[in-house]
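Asker: Here it is, the structure in full.
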Amino acid sequence: MNEIVNIINVCKTYSMGTQKKAIGKNDSSAQVQALKGVSAVIEKGEFTAIAGPSGSGKTTLLNLIGSLDSITSGDIFVDGKSLAKMSKKQKTLLRCEKIGFIFQSYNLIPVLTAQENVELALQLLNRFSKEEIKEKSWSILKEVGLDGMQDRLPSQLSGGQQQRISIARALVKEPCVILADEPTANLDSKNSEMIIALMKELNVRHNITCIFSTHDQLVMQNVRRIIKLKDGMLDNE
């Protein structure tokens, strides 16, 4: 088994802040359990969705895999490394080197061109020359169907084209896993189909592991496995 992500009995509890008791003392027990002992293994090259209704914990789990949030208990191993044991600095390095992110709101820098947005992901790695960064960024934008648009600002492109930039930015550093949080949420049906088809093609071509957080039926129809969550737990129905 060539596992890339191993989720082991993960719990996540959020504090909702203190509340005043009738007798005037603070009550710090106002907590919400977003995840309640979730376990799953995702192997290299999978095209998988974490799915469930609003409030099921799917985005929370995706954020924990991406080390954007801290685990309350349990552990997640990404490429063999324990997230529970990592410092903030180590998590930042992991995100920079090993994880690509695709967000529903694209999260592009508006004053940078398409190519400059992609180049930024490589500049943060500090291991490529300026020429290599330019060449890799130009090439990956061409691969996602944006050849000739490398010098355009995000505002000059459609939502589908902006999402292609974010896919290129996630892929260019050759991460071990790409995490896509509702990547079709802001797209119409035509662009959603094109984005999913593109990601399927890139998944096969690069053998890159793709994990979606979604409730989009189109996404769920196209992934090869669905991890279902309900009320913070695995839904095996």
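Going by the structure tokens order, chains are called A, B, ..., each with residues numbered from 1, while ligands are numbered from 1 in the order shown.
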For range 127-141 of chain A, find every residue with an atom within 12 Å (counting only C-alpha atoms), except residues of its own chain fewer than 2 positions away, and show them as a ChimeraX atom specification.
Answerer: /A:97,113-125,143-152,161-174,202,206
Asker: Let's have the selection written as a tab-separated table (two decimals), in the first residue's frame, with N, CA and C atoms.
Answerer:
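Below is the file that was written, out.tsv:
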```
chain	number	residue	atom	x	y	z
A	97	GLU	N	5.99	22.96	0.51
A	97	GLU	CA	6.67	21.98	-0.33
A	97	GLU	C	5.80	20.82	-0.79
A	113	THR	N	-0.01	39.12	-12.58
A	113	THR	CA	-0.51	38.43	-13.77
A	113	THR	C	-0.69	36.94	-13.47
A	114	ALA	N	-1.30	36.25	-14.42
A	114	ALA	CA	-1.49	34.80	-14.26
A	114	ALA	C	-0.15	34.13	-14.01
A	115	GLN	N	0.85	34.48	-14.80
A	115	GLN	CA	2.16	33.85	-14.64
A	115	GLN	C	2.81	34.22	-13.32
A	116	GLU	N	2.68	35.47	-12.91
A	116	GLU	CA	3.29	35.89	-11.65
A	116	GLU	C	2.63	35.21	-10.46
A	117	ASN	N	1.33	34.95	-10.53
A	117	ASN	CA	0.64	34.20	-9.47
A	117	ASN	C	1.21	32.81	-9.34
A	118	VAL	N	1.49	32.17	-10.47
A	118	VAL	CA	2.04	30.81	-10.46
A	118	VAL	C	3.51	30.84	-10.03
A	119	GLU	N	4.25	31.82	-10.52
A	119	GLU	CA	5.67	31.92	-10.16
A	119	GLU	C	5.87	32.05	-8.66
A	120	LEU	N	4.94	32.72	-7.99
A	120	LEU	CA	5.07	32.95	-6.55
A	120	LEU	C	5.20	31.65	-5.77
A	121	ALA	N	4.46	30.61	-6.21
A	121	ALA	CA	4.53	29.31	-5.53
A	121	ALA	C	5.93	28.72	-5.61
A	122	LEU	N	6.63	28.94	-6.72
A	122	LEU	CA	7.99	28.41	-6.87
A	122	LEU	C	9.01	29.29	-6.17
A	123	GLN	N	8.78	30.61	-6.16
A	123	GLN	CA	9.71	31.52	-5.48
A	123	GLN	C	9.81	31.21	-3.99
A	124	LEU	N	8.69	30.80	-3.40
A	124	LEU	CA	8.67	30.49	-1.97
A	124	LEU	C	9.51	29.26	-1.63
A	125	LEU	N	9.77	28.41	-2.62
A	125	LEU	CA	10.56	27.20	-2.38
A	125	LEU	C	12.06	27.49	-2.30
A	143	GLU	N	-0.27	24.06	-20.06
A	143	GLU	CA	-0.86	22.74	-19.87
A	143	GLU	C	-2.31	22.81	-19.39
A	144	VAL	N	-2.66	23.85	-18.63
A	144	VAL	CA	-4.03	23.96	-18.15
A	144	VAL	C	-4.91	24.78	-19.09
A	145	GLY	N	-4.40	25.07	-20.29
A	145	GLY	CA	-5.23	25.71	-21.30
A	145	GLY	C	-5.21	27.22	-21.29
A	146	LEU	N	-4.16	27.82	-20.74
A	146	LEU	CA	-4.09	29.29	-20.69
A	146	LEU	C	-2.92	29.84	-21.49
A	147	ASP	N	-2.49	29.12	-22.50
A	147	ASP	CA	-1.40	29.61	-23.35
A	147	ASP	C	-1.85	30.90	-24.03
A	148	GLY	N	-1.01	31.92	-23.96
A	148	GLY	CA	-1.35	33.22	-24.53
A	148	GLY	C	-2.01	34.14	-23.54
A	149	MET	N	-2.34	33.63	-22.34
A	149	MET	CA	-2.99	34.45	-21.32
A	149	MET	C	-2.09	34.64	-20.09
A	150	GLN	N	-0.84	34.27	-20.23
A	150	GLN	CA	0.08	34.32	-19.09
A	150	GLN	C	0.26	35.72	-18.53
A	151	ASP	N	0.12	36.74	-19.37
A	151	ASP	CA	0.37	38.11	-18.93
A	151	ASP	C	-0.90	38.86	-18.53
A	152	ARG	N	-2.02	38.18	-18.47
A	152	ARG	CA	-3.28	38.84	-18.09
A	152	ARG	C	-3.47	38.83	-16.57
A	161	GLN	N	-11.28	30.51	-16.00
A	161	GLN	CA	-9.86	30.74	-16.29
A	161	GLN	C	-9.08	31.06	-15.02
A	162	GLN	N	-9.68	31.80	-14.11
A	162	GLN	CA	-9.02	32.08	-12.83
A	162	GLN	C	-8.80	30.79	-12.04
A	163	GLN	N	-9.78	29.88	-12.09
A	163	GLN	CA	-9.61	28.61	-11.39
A	163	GLN	C	-8.49	27.78	-12.02
A	164	ARG	N	-8.32	27.92	-13.33
A	164	ARG	CA	-7.22	27.23	-14.01
A	164	ARG	C	-5.87	27.76	-13.52
A	165	ILE	N	-5.80	29.05	-13.26
A	165	ILE	CA	-4.56	29.62	-12.69
A	165	ILE	C	-4.28	28.99	-11.33
A	166	SER	N	-5.33	28.87	-10.50
A	166	SER	CA	-5.12	28.30	-9.16
A	166	SER	C	-4.72	26.83	-9.25
A	167	ILE	N	-5.23	26.12	-10.25
A	167	ILE	CA	-4.82	24.73	-10.47
A	167	ILE	C	-3.35	24.68	-10.88
A	168	ALA	N	-2.96	25.57	-11.79
A	168	ALA	CA	-1.56	25.64	-12.22
A	168	ALA	C	-0.65	25.97	-11.06
A	169	ARG	N	-1.09	26.91	-10.22
A	169	ARG	CA	-0.28	27.32	-9.05
A	169	ARG	C	-0.11	26.15	-8.08
A	170	ALA	N	-1.16	25.35	-7.91
A	170	ALA	CA	-1.08	24.19	-7.01
A	170	ALA	C	-0.19	23.10	-7.58
A	171	LEU	N	-0.22	22.94	-8.89
A	171	LEU	CA	0.48	21.82	-9.53
A	171	LEU	C	1.95	22.09	-9.81
A	172	VAL	N	2.30	23.37	-10.01
A	172	VAL	CA	3.63	23.70	-10.52
A	172	VAL	C	4.75	23.25	-9.59
A	173	LYS	N	4.51	23.21	-8.29
A	173	LYS	CA	5.57	22.82	-7.35
A	173	LYS	C	5.64	21.31	-7.14
A	174	GLU	N	4.84	20.56	-7.89
A	174	GLU	CA	4.83	19.10	-7.85
A	174	GLU	C	4.61	18.58	-6.43
A	202	LEU	N	-5.14	15.83	-15.35
A	202	LEU	CA	-3.88	16.10	-14.67
A	202	LEU	C	-3.57	15.03	-13.62
A	206	HIS	N	-0.05	13.18	-14.16
A	206	HIS	CA	1.01	13.43	-13.17
A	206	HIS	C	0.96	12.47	-11.98
```
Asker: Could you give me, as a CSV table (one decimal) with N, CA and C atoms, in the first residue's frame, the residues within 9 Å of range 7-12 of chain A, counting only C-alpha atoms and dropping anything in the same chain fewer than 6 positions from it?
Answerer:
```csv
chain,number,residue,atom,x,y,z
A,32,VAL,N,-17.9,22.9,20.4
A,32,VAL,CA,-18.5,22.1,19.3
A,32,VAL,C,-17.5,21.1,18.7
A,33,GLN,N,-18.0,19.9,18.7
A,33,GLN,CA,-17.1,18.8,18.1
A,33,GLN,C,-17.4,18.7,16.6
A,34,ALA,N,-16.4,19.2,15.8
A,34,ALA,CA,-16.6,19.2,14.3
A,34,ALA,C,-16.3,17.8,13.8
A,35,LEU,N,-15.3,17.1,14.4
A,35,LEU,CA,-14.9,15.8,14.0
A,35,LEU,C,-14.9,14.9,15.2
A,36,LYS,N,-15.4,13.7,15.0
A,36,LYS,CA,-15.5,12.8,16.2
A,36,LYS,C,-14.9,11.4,15.8
A,37,GLY,N,-13.6,11.3,15.8
A,37,GLY,CA,-12.9,10.0,15.6
A,37,GLY,C,-12.9,9.5,14.2
A,38,VAL,N,-12.5,10.4,13.3
A,38,VAL,CA,-12.5,10.0,11.8
A,38,VAL,C,-11.2,9.3,11.5
A,39,SER,N,-11.3,8.2,10.8
A,39,SER,CA,-10.1,7.5,10.3
A,39,SER,C,-10.3,7.1,8.8
A,40,ALA,N,-9.2,7.3,8.0
A,40,ALA,CA,-9.2,7.0,6.6
A,40,ALA,C,-7.8,7.0,6.1
A,41,VAL,N,-7.6,6.2,5.0
A,41,VAL,CA,-6.3,6.1,4.3
A,41,VAL,C,-6.5,6.5,2.9
A,42,ILE,N,-5.7,7.4,2.4
A,42,ILE,CA,-5.7,7.8,1.0
A,42,ILE,C,-4.4,7.5,0.3
A,60,THR,N,-13.5,21.1,7.5
A,60,THR,CA,-12.6,20.9,8.7
A,60,THR,C,-11.5,19.9,8.5
A,61,LEU,N,-12.0,18.7,8.0
A,61,LEU,CA,-11.0,17.6,7.7
A,61,LEU,C,-10.0,18.0,6.6
A,64,LEU,N,-7.5,20.3,8.2
A,64,LEU,CA,-6.5,19.5,9.0
A,64,LEU,C,-5.5,18.8,8.2
A,65,ILE,N,-5.9,18.2,7.1
A,65,ILE,CA,-5.0,17.5,6.2
A,65,ILE,C,-3.9,18.5,5.7
A,70,SER,N,-5.3,23.0,13.6
A,70,SER,CA,-4.6,22.0,14.5
A,70,SER,C,-5.6,20.9,14.9
A,71,ILE,N,-5.0,19.7,15.1
A,71,ILE,CA,-5.8,18.6,15.5
A,71,ILE,C,-6.0,18.6,17.0
A,72,THR,N,-7.2,18.3,17.5
A,72,THR,CA,-7.5,18.3,18.9
A,72,THR,C,-7.0,16.9,19.5
A,73,SER,N,-7.3,15.8,18.8
A,73,SER,CA,-6.7,14.5,19.2
A,73,SER,C,-6.7,13.6,18.0
A,74,GLY,N,-5.9,12.6,18.1
A,74,GLY,CA,-5.6,11.7,16.9
A,74,GLY,C,-4.4,12.2,16.2
A,75,ASP,N,-4.3,11.8,14.9
A,75,ASP,CA,-3.1,12.3,14.1
A,75,ASP,C,-3.4,12.1,12.6
A,76,ILE,N,-2.7,12.9,11.8
A,76,ILE,CA,-2.8,12.7,10.4
A,76,ILE,C,-1.3,12.7,9.9
A,77,PHE,N,-1.0,11.7,9.1
A,77,PHE,CA,0.3,11.6,8.5
A,77,PHE,C,0.2,12.0,7.0
A,78,VAL,N,1.0,12.9,6.6
A,78,VAL,CA,1.0,13.3,5.2
A,78,VAL,C,2.4,13.0,4.7
A,232,GLY,N,-19.8,14.9,11.7
A,232,GLY,CA,-18.5,14.8,12.2
A,232,GLY,C,-17.9,13.4,12.2
```
Asker: Determine, counting only C-alpha atoms, which protein, DNA and RNA residues have an atom within 6 Å of an atom of Ile211 in chain A; residues of the same chain fewer than 3 positions away are not included. Present the result as a list in words.
Answerer: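 Result of the neighbour search: Thr48, Ala49 and Leu179 of chain A.
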Asker: What would the file look like if the residues just selected were written as a PDB file, in the first residue's frame with N, CA, C and O atoms?
Answerer:
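Printed below is again12.pdb as written:
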```pdb
ATOM      1  N   THR A  48     -10.224  11.605  -5.007  1.00  0.00           N
ATOM      2  CA  THR A  48     -11.155  11.295  -3.928  1.00  0.00           C
ATOM      3  C   THR A  48     -11.883  12.541  -3.445  1.00  0.00           C
ATOM      4  O   THR A  48     -11.328  13.635  -3.442  1.00  0.00           O
ATOM      5  N   ALA A  49     -13.123  12.363  -3.027  1.00  0.00           N
ATOM      6  CA  ALA A  49     -13.903  13.460  -2.455  1.00  0.00           C
ATOM      7  C   ALA A  49     -14.270  13.164  -1.012  1.00  0.00           C
ATOM      8  O   ALA A  49     -14.631  12.036  -0.669  1.00  0.00           O
ATOM      9  N   LEU A 179      -5.246  19.663  -2.456  1.00  0.00           N
ATOM     10  CA  LEU A 179      -6.496  19.758  -1.710  1.00  0.00           C
ATOM     11  C   LEU A 179      -7.370  20.819  -2.368  1.00  0.00           C
ATOM     12  O   LEU A 179      -6.949  21.972  -2.514  1.00  0.00           O
TER      13      LEU A 179
END
```
Asker: Just the number, please: distance in Å from CA of Ile227 in chain A to CA of Leu62 in chain A, one decimal.
Answerer: 11.5 Å
Asker: Excluding Val177 in chain A and its own-chain neighbours fewer than 6 positions away, which residues fall within 6 Å of it when counting only C-alpha atoms? Please give them as a ChimeraX atom specification.
Answerer: /A:99,209-210
Asker: When you draw a straight line from CA of Thr184 in chain A to CA of Gly159 in chain A, how long is it in Å?
Answerer: 9.8 Å
Asker: If you measure from CA of Pro110 in chain A to CA of Gln156 in chain A, what distance in Å do you get, rounded to one decimal?
Answerer: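 These two atoms are separated by 9.9 Å.
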